[in-house]
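Visitor: Attaching a single structure in structure tokens format; questions to follow.
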Amino acid sequence: MISLSELAVKIKGESKVALFCHVRPDGDTLGSALALANAIKTLGAQAVVVCDDPIPPRFLFLEDAKTVQNCVDVKEFSALMAIDCADVSRLGSYAEDFLRHKNTYNIDHHISNNHYAKINFVRDSASNCENILELIENIGVEVSADIANLLLMGMMTDTGNFRHKNVKAETLFSAGKMVQKGADINRIYFHMFSAQSKERVKLFAKTMSKIRYFHDGRLAIATVRKEDFEQTGAKKDETEGFIDFVMGIVGVEVGACVMETEKDKYKVSLRSKQANVNAVALSFGGGGHVLASGCQINGDYEDVIDKLSFAVSRELID
């Protein structure tokens with residue numbers, strides 16, 4: 001794997017770059033990609049950020065988020081960069097084009113990353129924005145207030161506002177540097193963790209009222225069905241943060257948020273206090289981190305819950 005300093009040298013030599021966020025974009029993938037694109041443009045090169053899915057409205061308080069494109073011709077770019085994407089499928093419809101391109105980068109922080117690009121930099125950290133910050137510093141670009149806001153947003157969202165067990169002293173040090181550079185931590189907190197629509201409130205209440213418990217309460221599963229979205233008027237991206245509530249329940253060691261995306265298809269977000277949920281996700285073709293992972297499970301709903309419960313039971317620590 002390439003070193004951070006070597007990666008910086010290569011990026012400085014690129015002329016026209018497309019940086020890809022993962023589908024169902026979160027704060028870390030957006031913050032990472034937009035901040036790096038900003039730095040690349042400072043060098044005088046061209047850079048655009050691309051996402052196969054629409055950007056959730058809650059991120060649009062940052063002007064840079066409004067620049068993300070949905071449709072590009074990858075052949076026009078000298079380099080393609082996958083940012084915060086554990087595997088190539090996270091690029092959505094751009095996955096095959098990415099693999100066919102002659103010059104590709106993979107910059108990520110998930111331990112399950114399978115190094116699918118020509119150039120790979122994968123380093124475990126609480127957020128990918130921490131990797132991007134150090135990369136930008138190695139490139140030699142001054143961190144502006146705009147870049148600082150983007151990076152702090154990613155750090156805050158991927159750590160649950162610095163509450164998760166993946167937070168280290170380095171994480172807080174990096175966040176502090178972003179505040180020094182002009183990041184507005186109060187504004188970011190409001191938009192990421194406080195602001196919510198009336199529709200989301202209805203969906204939250206509906207979802208949490210039917211949490212199911214397994215293995216003597218050590219596993220809690222919150223489920224959002226398609227009809228829940230229809231009945232409340234909430235959008236799929238408004239489930240962000242539901243899993244954090246589940247993990248706050250006393251006695252729960254592993255939390256899961258199961259969202260029905262299509263008939264017999266369920267997106268599963270997993271969090272844990274000590275059990276290896278990356279192993280759980282990997283058993284269903286997903287992945288992520290030891291204490292935070294995700295996957296998709298297909299089948300009848302009750303069968304999905306049974307499979308998930310059994311997989312988690314094998315990782316619970318006595």
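Lettering and numbering for the structure tokens are positional, with chains as A, B, ... in the shown order, residues counted from 1 in each chain, and ligands counted from 1 in the shown order.
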Taking the chain letters and numbering used in this document, name the residues of range 93-229 of chain A that DSSP puts in strand (DSSP E or B), as a list in words.
Guide: Thr104, Tyr105, Asn106, Ile107, Asp108, Ile119, Asn120, Phe121, Val122, Arg212, Tyr213, Phe214, Leu219, Ala220, Ile221, Ala222, Thr223 and Val224 of chain A
Visitor: For the residues in the current selection, export C-alpha atoms as a PDB file, in the first residue's frame.
Guide:
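Output contents, as saved in selection-v7.pdb:
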```
ATOM      1  CA  THR A 104      -7.815   4.967  -9.871  1.00  0.00           C
ATOM      2  CA  TYR A 105      -7.376   5.853  -6.194  1.00  0.00           C
ATOM      3  CA  ASN A 106      -9.044   4.348  -3.127  1.00  0.00           C
ATOM      4  CA  ILE A 107      -8.770   6.503   0.014  1.00  0.00           C
ATOM      5  CA  ASP A 108     -10.614   4.983   2.950  1.00  0.00           C
ATOM      6  CA  ILE A 119      -3.542   3.073  -5.850  1.00  0.00           C
ATOM      7  CA  ASN A 120      -4.823   2.301  -2.353  1.00  0.00           C
ATOM      8  CA  PHE A 121      -4.474   4.187   0.899  1.00  0.00           C
ATOM      9  CA  VAL A 122      -6.532   2.562   3.652  1.00  0.00           C
ATOM     10  CA  ARG A 212     -37.387  -5.920  19.387  1.00  0.00           C
ATOM     11  CA  TYR A 213     -34.942  -7.468  21.858  1.00  0.00           C
ATOM     12  CA  PHE A 214     -33.001 -10.734  21.600  1.00  0.00           C
ATOM     13  CA  LEU A 219     -29.301  -7.278  20.938  1.00  0.00           C
ATOM     14  CA  ALA A 220     -31.889  -4.620  20.020  1.00  0.00           C
ATOM     15  CA  ILE A 221     -33.326  -4.303  16.516  1.00  0.00           C
ATOM     16  CA  ALA A 222     -35.224  -1.265  15.253  1.00  0.00           C
ATOM     17  CA  THR A 223     -37.044  -1.749  11.958  1.00  0.00           C
ATOM     18  CA  VAL A 224     -38.262   0.775   9.412  1.00  0.00           C
TER      19      VAL A 224
END
```
Visitor: Find the residues around Glu253 in chain A up to 8 Å (only C-alpha atoms counted), leave out those fewer than 5 positions away in its own chain, and share them as a short mmCIF file (atom, residue, chain, number, x, y, z; two decimals) with N, CA, C and O atoms, in the first residue's frame.
Guide:
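Contents of selection33.cif, as written:
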```
data_model
loop_
_atom_site.label_atom_id
_atom_site.label_comp_id
_atom_site.auth_asym_id
_atom_site.auth_seq_id
_atom_site.Cartn_x
_atom_site.Cartn_y
_atom_site.Cartn_z
N ARG A 218 -29.50 -8.22 24.97
CA ARG A 218 -28.16 -7.79 24.55
C ARG A 218 -28.16 -7.28 23.11
O ARG A 218 -27.30 -6.51 22.72
N LEU A 219 -29.13 -7.74 22.31
CA LEU A 219 -29.30 -7.28 20.94
C LEU A 219 -30.65 -6.57 20.82
O LEU A 219 -31.68 -7.13 21.23
N MET A 247 -28.47 2.24 20.68
CA MET A 247 -27.28 1.91 21.46
C MET A 247 -27.27 2.56 22.84
O MET A 247 -26.47 2.21 23.70
N SER A 272 -21.94 -1.67 17.91
CA SER A 272 -21.61 -2.56 19.01
C SER A 272 -20.76 -1.85 20.05
O SER A 272 -20.03 -0.91 19.73
N LYS A 273 -20.86 -2.33 21.29
CA LYS A 273 -20.01 -1.81 22.35
C LYS A 273 -18.72 -2.61 22.49
O LYS A 273 -17.71 -2.09 22.94
N GLN A 274 -18.75 -3.90 22.08
CA GLN A 274 -17.52 -4.69 22.09
C GLN A 274 -17.53 -5.86 21.11
O GLN A 274 -16.48 -6.27 20.63
N ALA A 275 -18.68 -6.39 20.76
CA ALA A 275 -18.74 -7.51 19.82
C ALA A 275 -18.32 -7.06 18.42
O ALA A 275 -18.51 -5.89 18.04
#
```
Visitor: One decimal, Å: what's the distance from CA of Asp306 in chain A over to CA of Cys257 in chain A, could you say?
Guide: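 Atom-to-atom, CA of Asp306 in chain A and CA of Cys257 in chain A are spaced 14.2 Å apart.
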Visitor: Using only C-alpha atoms, which protein or nucleic acid residues come within 7 Å of range 175-180 of chain A? Drop anything in the same chain fewer than 4 positions from it, and give the result as a list of chain:residue names.
Guide: A:Ala148, A:Leu152, A:Thr171, A:Asp184, A:Ile185
Visitor: Pull the closest atom pair for each residue of range 228-263 of chain A that gets at most 12 Å from range 12-25 of chain A, along with the distance in Å to one decimal, counting only C-alpha atoms, ordering rows by chain and then ascending residue number, as a Markdown table.
Guide:
```
| residue | atom | partner | partner_atom | distance |
| --- | --- | --- | --- | --- |
| A:Lys235 | CA | A:Arg24 | CA | 11.9 |
| A:Lys236 | CA | A:Arg24 | CA | 9.2 |
| A:Asp237 | CA | A:Arg24 | CA | 7.5 |
| A:Glu238 | CA | A:Arg24 | CA | 11.1 |
| A:Thr239 | CA | A:Arg24 | CA | 11.3 |
| A:Glu240 | CA | A:Arg24 | CA | 10.4 |
| A:Thr261 | CA | A:Arg24 | CA | 11.8 |
```
Visitor: Would you save the residues from that selection as a CSV table (one decimal), in the first residue's frame, using all heavy atoms?
Guide:
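Result saved to result_25.csv:
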```
chain,number,residue,atom,x,y,z
A,235,LYS,N,-38.3,10.8,4.7
A,235,LYS,CA,-37.5,10.2,3.6
A,235,LYS,C,-36.5,9.2,4.2
A,235,LYS,O,-36.2,9.3,5.4
A,235,LYS,CB,-36.8,11.3,2.8
A,235,LYS,CG,-37.7,12.3,2.1
A,235,LYS,CD,-36.9,13.4,1.4
A,235,LYS,CE,-37.9,14.3,0.6
A,235,LYS,NZ,-38.9,14.9,1.4
A,236,LYS,N,-35.9,8.4,3.3
A,236,LYS,CA,-35.0,7.4,3.8
A,236,LYS,C,-33.8,7.9,4.5
A,236,LYS,O,-33.3,7.3,5.5
A,236,LYS,CB,-34.6,6.4,2.7
A,236,LYS,CG,-35.7,5.5,2.2
A,236,LYS,CD,-35.3,4.6,1.1
A,236,LYS,CE,-36.5,3.7,0.6
A,236,LYS,NZ,-36.1,2.8,-0.5
A,237,ASP,N,-33.3,9.1,4.0
A,237,ASP,CA,-32.1,9.6,4.6
A,237,ASP,C,-32.3,10.2,6.0
A,237,ASP,O,-31.4,10.5,6.7
A,237,ASP,CB,-31.5,10.7,3.7
A,237,ASP,CG,-32.4,11.9,3.5
A,237,ASP,OD1,-32.4,12.8,4.4
A,237,ASP,OD2,-33.1,11.9,2.5
A,238,GLU,N,-33.6,10.3,6.4
A,238,GLU,CA,-33.9,10.8,7.7
A,238,GLU,C,-33.9,9.8,8.8
A,238,GLU,O,-34.2,10.1,10.0
A,238,GLU,CB,-35.3,11.5,7.7
A,238,GLU,CG,-35.4,12.7,6.8
A,238,GLU,CD,-36.7,13.5,6.9
A,238,GLU,OE1,-37.7,13.0,6.4
A,238,GLU,OE2,-36.7,14.5,7.6
A,239,THR,N,-33.4,8.6,8.5
A,239,THR,CA,-33.2,7.6,9.5
A,239,THR,C,-31.8,7.7,10.2
A,239,THR,O,-31.5,6.9,11.1
A,239,THR,CB,-33.3,6.1,9.0
A,239,THR,OG1,-32.4,5.9,7.9
A,239,THR,CG2,-34.7,5.9,8.4
A,240,GLU,N,-31.0,8.6,9.7
A,240,GLU,CA,-29.6,8.8,10.2
A,240,GLU,C,-29.7,9.1,11.7
A,240,GLU,O,-30.5,10.0,12.1
A,240,GLU,CB,-29.0,9.9,9.5
A,240,GLU,CG,-27.5,10.1,9.8
A,240,GLU,CD,-26.6,9.1,9.1
A,240,GLU,OE1,-27.0,8.6,8.0
A,240,GLU,OE2,-25.5,8.8,9.6
A,261,THR,N,-35.8,-1.5,1.9
A,261,THR,CA,-35.5,-0.7,0.8
A,261,THR,C,-36.4,-1.1,-0.4
A,261,THR,O,-36.8,-0.2,-1.2
A,261,THR,CB,-34.0,-0.7,0.3
A,261,THR,OG1,-33.7,-2.1,0.1
A,261,THR,CG2,-33.2,-0.2,1.4
```
Visitor: What is the CA of Ile297 in chain A to CA of Lys267 in chain A distance in Å?
Guide: 6.7 Å
Visitor: Give me the residues near Ala145 in chain A as a list in words, where near means some atom within 6 Å (using only C-alpha atoms) and where sequence neighbours in that chain fewer than 3 positions away do not count.
Guide: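 Answer for this query is Ala148, Lys181, Gly182 and Ala183 of chain A.
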